[in-house]
>>> print(open('query.csv').read())   # CSV, N, CA and C atoms
chain,number,residue,atom,x,y,z
A,1,MET,N,-184.0,31.2,-157.2
A,1,MET,CA,-185.4,30.7,-157.1
A,1,MET,C,-186.3,31.9,-157.3
A,2,GLU,N,-187.3,31.8,-158.1
A,2,GLU,CA,-188.4,32.8,-158.3
A,2,GLU,C,-189.6,32.2,-157.7
A,3,GLU,N,-190.5,33.1,-157.1
A,3,GLU,CA,-191.7,32.7,-156.5
A,3,GLU,C,-192.9,33.6,-157.0
A,4,ILE,N,-194.0,33.0,-157.4
A,4,ILE,CA,-195.1,33.7,-157.8
A,4,ILE,C,-196.4,33.2,-157.0
A,5,GLU,N,-197.1,34.1,-156.5
A,5,GLU,CA,-198.4,33.7,-155.8
A,5,GLU,C,-199.4,33.4,-156.8
A,6,ILE,N,-200.1,32.3,-156.6
A,6,ILE,CA,-201.2,31.8,-157.5
A,6,ILE,C,-202.5,31.7,-156.7
A,7,SER,N,-203.5,32.4,-157.2
A,7,SER,CA,-204.8,32.4,-156.4
A,7,SER,C,-205.6,31.2,-156.5
A,8,SER,N,-205.5,30.5,-157.6
A,8,SER,CA,-206.4,29.4,-157.9
A,8,SER,C,-205.7,28.0,-158.0
A,9,TRP,N,-206.3,27.0,-157.4
A,9,TRP,CA,-205.8,25.7,-157.6
A,9,TRP,C,-206.0,25.2,-159.1
A,10,LEU,N,-207.0,25.8,-159.8
A,10,LEU,CA,-207.2,25.5,-161.2
A,10,LEU,C,-205.9,25.8,-162.1
A,11,THR,N,-205.3,27.0,-161.7
A,11,THR,CA,-204.1,27.4,-162.5
A,11,THR,C,-203.0,26.4,-162.2
A,12,LEU,N,-202.8,26.0,-160.9
A,12,LEU,CA,-201.8,25.0,-160.6
A,12,LEU,C,-202.1,23.7,-161.3
A,13,ASP,N,-203.4,23.3,-161.3
A,13,ASP,CA,-203.7,22.0,-161.9
A,13,ASP,C,-203.4,22.0,-163.4
A,14,ALA,N,-203.6,23.2,-164.1
A,14,ALA,CA,-203.3,23.3,-165.5
A,14,ALA,C,-201.8,23.1,-165.8
A,15,LEU,N,-201.0,23.7,-164.9
A,15,LEU,CA,-199.6,23.5,-165.1
A,15,LEU,C,-199.2,22.1,-164.8
A,16,LYS,N,-199.8,21.5,-163.8
A,16,LYS,CA,-199.5,20.1,-163.4
A,16,LYS,C,-199.8,19.1,-164.5
A,17,LYS,N,-200.9,19.4,-165.3
A,17,LYS,CA,-201.2,18.5,-166.4
A,17,LYS,C,-200.2,18.5,-167.5
A,18,LYS,N,-199.5,19.6,-167.7
A,18,LYS,CA,-198.6,19.7,-168.8
A,18,LYS,C,-197.1,19.3,-168.3
A,19,ALA,N,-196.9,19.1,-167.1
A,19,ALA,CA,-195.6,18.8,-166.5
A,19,ALA,C,-195.3,17.3,-166.4
A,20,ASP,N,-194.0,17.1,-166.3
A,20,ASP,CA,-193.5,15.7,-165.9
A,20,ASP,C,-193.3,15.8,-164.4
A,21,ILE,N,-194.1,15.0,-163.6
A,21,ILE,CA,-194.1,15.1,-162.2
A,21,ILE,C,-192.9,14.3,-161.7
A,22,VAL,N,-192.0,14.9,-160.8
A,22,VAL,CA,-190.9,14.2,-160.3
A,22,VAL,C,-191.1,13.7,-158.9
A,23,GLU,N,-191.8,14.5,-158.1
A,23,GLU,CA,-192.1,14.1,-156.7
A,23,GLU,C,-193.2,14.9,-156.1
A,24,THR,N,-194.0,14.3,-155.2
A,24,THR,CA,-195.1,14.9,-154.5
A,24,THR,C,-194.8,14.8,-153.0
A,25,VAL,N,-194.8,15.9,-152.3
A,25,VAL,CA,-194.5,16.0,-150.9
A,25,VAL,C,-195.7,16.6,-150.2
A,26,GLY,N,-196.1,15.9,-149.1
A,26,GLY,CA,-197.3,16.4,-148.4
A,26,GLY,C,-198.6,15.9,-148.9
A,27,ASN,N,-199.6,16.2,-148.2
A,27,ASN,CA,-201.0,15.7,-148.5
A,27,ASN,C,-202.0,16.6,-147.9
A,28,LEU,N,-202.9,17.1,-148.7
A,28,LEU,CA,-203.9,18.1,-148.3
A,28,LEU,C,-204.9,17.4,-147.4
A,29,GLN,N,-205.1,16.1,-147.4
A,29,GLN,CA,-206.0,15.4,-146.6
A,29,GLN,C,-205.5,15.3,-145.2
A,30,THR,N,-204.2,15.2,-145.0
A,30,THR,CA,-203.6,15.0,-143.7
A,30,THR,C,-202.9,16.2,-143.2
A,31,GLY,N,-202.6,17.2,-144.1
A,31,GLY,CA,-201.8,18.4,-143.7
A,31,GLY,C,-202.5,19.6,-144.3
A,32,HIS,N,-201.7,20.7,-144.3
A,32,HIS,CA,-202.3,21.9,-144.8
A,32,HIS,C,-201.7,22.3,-146.2
A,33,SER,N,-200.7,21.6,-146.6
A,33,SER,CA,-200.1,21.9,-147.9
A,33,SER,C,-199.6,20.7,-148.6
A,34,MET,N,-199.4,20.8,-149.9
A,34,MET,CA,-198.8,19.8,-150.7
A,34,MET,C,-198.0,20.4,-151.8
A,35,SER,N,-196.8,19.9,-152.0
A,35,SER,CA,-195.9,20.4,-153.0
A,35,SER,C,-195.7,19.4,-154.1
A,36,VAL,N,-195.9,19.8,-155.4
A,36,VAL,CA,-195.7,18.9,-156.5
A,36,VAL,C,-194.5,19.5,-157.2
A,37,PHE,N,-193.4,18.7,-157.2
A,37,PHE,CA,-192.2,19.0,-157.9
A,37,PHE,C,-192.2,18.5,-159.3
A,38,CYS,N,-192.1,19.3,-160.3
A,38,CYS,CA,-192.2,18.9,-161.7
A,38,CYS,C,-191.3,19.6,-162.6
A,39,GLN,N,-191.3,19.2,-163.9
A,39,GLN,CA,-190.4,19.8,-164.9
A,39,GLN,C,-191.2,20.0,-166.1
A,40,ILE,N,-191.1,21.2,-166.7
A,40,ILE,CA,-191.7,21.5,-168.0
A,40,ILE,C,-190.6,22.0,-168.9
A,41,GLU,N,-190.2,21.3,-169.9
A,41,GLU,CA,-189.1,21.5,-170.7
A,41,GLU,C,-187.8,21.7,-169.9
A,42,GLU,N,-187.2,22.9,-169.8
A,42,GLU,CA,-186.0,23.2,-169.1
A,42,GLU,C,-186.3,23.8,-167.7
A,43,ASP,N,-187.6,24.0,-167.4
A,43,ASP,CA,-187.9,24.6,-166.1
A,43,ASP,C,-188.2,23.6,-165.0
A,44,TYR,N,-187.6,23.8,-163.9
A,44,TYR,CA,-187.8,23.0,-162.7
A,44,TYR,C,-188.7,23.8,-161.8
A,45,LEU,N,-189.9,23.2,-161.5
A,45,LEU,CA,-191.0,23.9,-160.8
A,45,LEU,C,-191.5,23.2,-159.5
A,46,GLU,N,-192.0,24.0,-158.6
A,46,GLU,CA,-192.7,23.5,-157.4
A,46,GLU,C,-194.0,24.1,-157.4
A,47,LEU,N,-195.1,23.3,-157.5
A,47,LEU,CA,-196.4,23.8,-157.4
A,47,LEU,C,-196.9,23.6,-155.9
A,48,VAL,N,-197.2,24.7,-155.2
A,48,VAL,CA,-197.5,24.5,-153.8
A,48,VAL,C,-199.0,24.8,-153.6
A,49,TYR,N,-199.7,23.7,-153.3
A,49,TYR,CA,-201.2,23.8,-152.9
A,49,TYR,C,-201.3,24.0,-151.4
A,50,SER,N,-202.1,24.9,-151.0
A,50,SER,CA,-202.3,25.2,-149.6
A,50,SER,C,-203.8,25.5,-149.3
A,51,ASP,N,-204.2,24.9,-148.2
A,51,ASP,CA,-205.6,25.3,-147.7
A,51,ASP,C,-205.5,26.2,-146.5
A,52,ALA,N,-204.3,26.6,-146.1
A,52,ALA,CA,-204.2,27.5,-145.0
A,52,ALA,C,-203.5,28.8,-145.3
A,53,ALA,N,-202.8,28.9,-146.4
A,53,ALA,CA,-202.1,30.1,-146.8
A,53,ALA,C,-202.2,30.2,-148.4
A,54,ALA,N,-201.4,31.2,-148.9
A,54,ALA,CA,-201.5,31.4,-150.4
A,54,ALA,C,-200.8,30.2,-151.1
A,55,ASN,N,-201.4,29.9,-152.3
A,55,ASN,CA,-200.7,29.0,-153.2
A,55,ASN,C,-199.7,29.7,-154.0
A,56,PHE,N,-198.6,29.0,-154.4
A,56,PHE,CA,-197.6,29.6,-155.2
A,56,PHE,C,-196.9,28.6,-156.1
A,57,LEU,N,-196.1,29.2,-157.0
A,57,LEU,CA,-195.3,28.5,-157.9
A,57,LEU,C,-193.9,29.0,-157.7
A,58,ARG,N,-193.0,28.0,-157.6
A,58,ARG,CA,-191.6,28.3,-157.5
A,58,ARG,C,-190.8,27.8,-158.7
A,59,ARG,N,-189.9,28.5,-159.2
A,59,ARG,CA,-189.1,28.1,-160.3
A,59,ARG,C,-187.7,28.1,-159.8
A,60,TYR,N,-187.0,27.0,-160.0
A,60,TYR,CA,-185.6,26.8,-159.6
A,60,TYR,C,-184.6,27.0,-160.8
A,61,GLU,N,-183.5,27.6,-160.4
A,61,GLU,CA,-182.5,27.9,-161.4
A,61,GLU,C,-181.9,26.7,-162.1
A,62,ASP,N,-181.6,25.6,-161.4
A,62,ASP,CA,-181.0,24.4,-162.0
A,62,ASP,C,-181.5,23.2,-161.2
A,63,LYS,N,-181.1,22.0,-161.8
A,63,LYS,CA,-181.5,20.7,-161.2
A,63,LYS,C,-181.0,20.5,-159.8
A,64,ASP,N,-179.8,21.0,-159.5
A,64,ASP,CA,-179.2,20.8,-158.1
A,64,ASP,C,-180.0,21.5,-157.1
A,65,GLU,N,-180.4,22.8,-157.4
A,65,GLU,CA,-181.2,23.6,-156.5
A,65,GLU,C,-182.6,22.9,-156.3
A,66,PHE,N,-183.1,22.4,-157.4
A,66,PHE,CA,-184.4,21.7,-157.4
A,66,PHE,C,-184.4,20.5,-156.5
A,67,GLU,N,-183.4,19.6,-156.6
A,67,GLU,CA,-183.3,18.4,-155.8
A,67,GLU,C,-183.0,18.7,-154.4
A,68,ASP,N,-182.2,19.7,-154.1
A,68,ASP,CA,-182.0,20.1,-152.7
A,68,ASP,C,-183.2,20.6,-152.0
A,69,HIS,N,-184.1,21.3,-152.7
A,69,HIS,CA,-185.3,21.8,-152.1
A,69,HIS,C,-186.3,20.6,-151.9
A,70,ILE,N,-186.3,19.6,-152.8
A,70,ILE,CA,-187.1,18.5,-152.6
A,70,ILE,C,-186.8,17.8,-151.3
A,71,GLU,N,-185.5,17.6,-151.0
A,71,GLU,CA,-185.1,17.0,-149.8
A,71,GLU,C,-185.4,17.8,-148.5
A,72,ARG,N,-185.3,19.2,-148.7
A,72,ARG,CA,-185.7,20.1,-147.5
A,72,ARG,C,-187.2,20.0,-147.2
A,73,ARG,N,-188.0,19.9,-148.3
A,73,ARG,CA,-189.4,19.8,-148.1
A,73,ARG,C,-189.8,18.5,-147.5
A,74,LYS,N,-189.1,17.4,-147.8
A,74,LYS,CA,-189.4,16.1,-147.2
A,74,LYS,C,-189.0,16.2,-145.7
A,75,GLU,N,-187.9,16.8,-145.4
A,75,GLU,CA,-187.5,16.9,-144.0
A,75,GLU,C,-188.6,17.7,-143.2
A,76,ASP,N,-189.0,18.9,-143.8
A,76,ASP,CA,-190.0,19.7,-143.2
A,76,ASP,C,-191.3,19.0,-142.9
A,77,ASP,N,-191.6,18.1,-143.9
A,77,ASP,CA,-192.9,17.4,-143.8
A,77,ASP,C,-192.8,16.1,-143.1
A,78,GLY,N,-191.6,15.7,-142.7
A,78,GLY,CA,-191.5,14.5,-142.0
A,78,GLY,C,-191.3,13.3,-142.8
A,79,GLU,N,-191.0,13.5,-144.1
A,79,GLU,CA,-190.8,12.4,-145.0
A,79,GLU,C,-189.4,12.0,-145.3
A,80,ALA,N,-188.5,12.6,-144.5
A,80,ALA,CA,-187.0,12.3,-144.8
A,80,ALA,C,-186.8,10.8,-144.6
A,81,PRO,N,-185.8,10.3,-145.3
A,81,PRO,CA,-185.5,8.9,-145.2
A,81,PRO,C,-185.0,8.5,-143.8
A,82,PHE,N,-185.5,7.3,-143.4
A,82,PHE,CA,-185.1,6.8,-142.0
A,82,PHE,C,-183.7,6.3,-142.1
A,83,GLU,N,-182.9,6.8,-141.1
A,83,GLU,CA,-181.5,6.3,-141.0
A,83,GLU,C,-181.5,5.2,-139.9
A,84,ASP,N,-181.0,4.0,-140.3
A,84,ASP,CA,-180.9,2.9,-139.3
A,84,ASP,C,-180.0,3.2,-138.2
A,85,ASP,N,-180.3,2.7,-137.0
A,85,ASP,CA,-179.5,2.9,-135.8
A,85,ASP,C,-178.6,1.7,-135.8
A,86,HIS,N,-177.4,1.8,-136.3
A,86,HIS,CA,-176.4,0.7,-136.4
A,86,HIS,C,-175.9,0.3,-135.0
A,87,GLU,N,-175.9,1.1,-134.1
A,87,GLU,CA,-175.5,0.8,-132.7
A,87,GLU,C,-176.4,-0.3,-132.1
A,88,PHE,N,-177.7,-0.1,-132.4
A,88,PHE,CA,-178.7,-1.0,-131.9
A,88,PHE,C,-178.5,-2.4,-132.5
A,89,GLU,N,-178.2,-2.5,-133.8
A,89,GLU,CA,-178.0,-3.8,-134.4
A,89,GLU,C,-176.7,-4.4,-133.8
A,90,GLU,N,-175.7,-3.7,-133.6
A,90,GLU,CA,-174.5,-4.2,-133.0
A,90,GLU,C,-174.7,-4.8,-131.6
A,91,ASP,N,-175.5,-4.0,-130.8
A,91,ASP,CA,-175.8,-4.5,-129.5
A,91,ASP,C,-176.6,-5.8,-129.5
A,92,PHE,N,-177.6,-5.8,-130.4
A,92,PHE,CA,-178.4,-7.0,-130.6
A,92,PHE,C,-177.6,-8.2,-131.0
A,93,GLN,N,-176.7,-8.0,-131.9
A,93,GLN,CA,-175.8,-9.2,-132.3
A,93,GLN,C,-174.9,-9.6,-131.2
A,94,GLU,N,-174.4,-8.7,-130.3
A,94,GLU,CA,-173.6,-9.1,-129.2
A,94,GLU,C,-174.4,-9.9,-128.2
A,95,GLU,N,-175.7,-9.5,-128.0
A,95,GLU,CA,-176.5,-10.2,-127.0
A,95,GLU,C,-176.8,-11.7,-127.5
A,96,ASP,N,-177.0,-11.8,-128.8
A,96,ASP,CA,-177.2,-13.2,-129.4
A,96,ASP,C,-176.0,-14.0,-129.2
A,97,GLU,N,-174.8,-13.4,-129.4
A,97,GLU,CA,-173.6,-14.2,-129.3
A,97,GLU,C,-173.4,-14.6,-127.8
A,98,ASP,N,-173.7,-13.7,-126.9
A,98,ASP,CA,-173.5,-14.0,-125.4
A,98,ASP,C,-174.4,-15.1,-125.0
A,99,GLU,N,-175.7,-15.1,-125.5
A,99,GLU,CA,-176.6,-16.2,-125.1
A,99,GLU,C,-176.2,-17.5,-125.7
A,100,GLY,N,-175.6,-17.6,-126.8
A,100,GLY,CA,-175.2,-18.8,-127.4
A,100,GLY,C,-174.0,-19.4,-126.9
A,101,GLU,N,-173.2,-18.7,-126.1
A,101,GLU,CA,-171.9,-19.2,-125.5
A,101,GLU,C,-172.1,-20.4,-124.5
A,102,GLY,N,-173.1,-20.3,-123.7
A,102,GLY,CA,-173.3,-21.2,-122.6
A,102,GLY,C,-174.1,-22.4,-123.0
A,103,LEU,N,-174.7,-22.4,-124.2
A,103,LEU,CA,-175.5,-23.5,-124.6
A,103,LEU,C,-174.7,-24.4,-125.5
A,104,GLU,N,-174.8,-25.7,-125.3
A,104,GLU,CA,-174.1,-26.7,-126.1
A,104,GLU,C,-175.2,-27.8,-126.4
A,105,ALA,N,-175.2,-28.2,-127.6
A,105,ALA,CA,-176.2,-29.2,-128.0
A,105,ALA,C,-175.6,-30.6,-127.6
A,106,GLU,N,-176.5,-31.3,-127.0
A,106,GLU,CA,-176.1,-32.7,-126.6
A,106,GLU,C,-176.4,-33.7,-127.6
A,107,ASP,N,-175.6,-34.7,-127.8
A,107,ASP,CA,-175.9,-35.7,-128.8
A,107,ASP,C,-176.6,-36.8,-128.1
A,108,GLU,N,-177.9,-36.9,-128.4
A,108,GLU,CA,-178.8,-37.9,-127.7
A,108,GLU,C,-179.1,-39.1,-128.7
A,109,SER,N,-178.3,-39.2,-129.8
A,109,SER,CA,-178.6,-40.2,-130.8
A,109,SER,C,-178.4,-41.6,-130.2
A,110,ASP,N,-177.5,-41.8,-129.2
A,110,ASP,CA,-177.3,-43.1,-128.6
A,110,ASP,C,-178.4,-43.5,-127.7
A,111,ALA,N,-179.1,-42.5,-127.1
A,111,ALA,CA,-180.1,-42.8,-126.1
A,111,ALA,C,-181.3,-43.5,-126.7
A,112,TYR,N,-181.5,-43.5,-128.0
A,112,TYR,CA,-182.7,-44.0,-128.6
A,112,TYR,C,-182.5,-45.4,-129.1
>>> encode(input="query.csv", output="structure tokens")
Amino acid sequence: MEEIEISSWLTLDALKKKADIVETVGNLQTGHSMSVFCQIEEDYLELVYSDAAANFLRRYEDKDEFEDHIERRKEDDGEAPFEDDHEFEEDFQEEDEDEGEGLEAEDESDAY
């Protein structure tokens, strides 16, 4: 990975216009930085916009390194995918089964 400090958002915007955007992580309205992961020809890039620190451009060696870093940035920013708690679902299903054991439907069709 190579990293270059960029002083202007205009420079990052110019690169962004020419790139195929893969993913955007973060938000400058709710946080202090935003990463735009993109590709220009054979180059995998991360454009990092920041209102609290220096802006920079990162270039990744290959697609695997690029995708790994996207996942890391999502985790750092709190955007990692939610993993279901399967134990809770199993407990909930067991409770439903327990409640249904004591109940039997009565046939009241003769009473009418």
>>> residues_around(input="query.csv", residues="A:Arg58", least_positions_apart="5", cutoff="5 Å", atoms="all atoms listed in the file", output="ChimeraX atom specification")
/A:2-3,45-46
>>> atom_distance(input="query.csv", atom1="atom CA of A:His32", atom2="atom CA of A:Asp13")
17.2 Å
>>> closest_residue(input="query.csv", among="A:Val22, A:Phe56, A:Asn27, A:Cys38", to="A:Asp77", atoms="only C-alpha atoms")
A:Asn27
>>> residues_around(input="query.csv", residues="A:Leu10", least_positions_apart="6", cutoff="12 Å", atoms="only C-alpha atoms", output="PyMOL selection string")
chain A and resi 16-17+47+49+55
>>> atom_distance(input="query.csv", atom1="atom CA of A:Gly31", atom2="atom CA of A:Asp51")
8.8 Å
>>> atom_distance(input="query.csv", atom1="atom C of A:Glu23", atom2="atom N of A:Phe66")
12.6 Å
>>> closest_residue(input="query.csv", among="A:Gln39, A:Thr24, A:Ser33, A:Ser8", to="A:Glu61", atoms="only C-alpha atoms")
A:Gln39
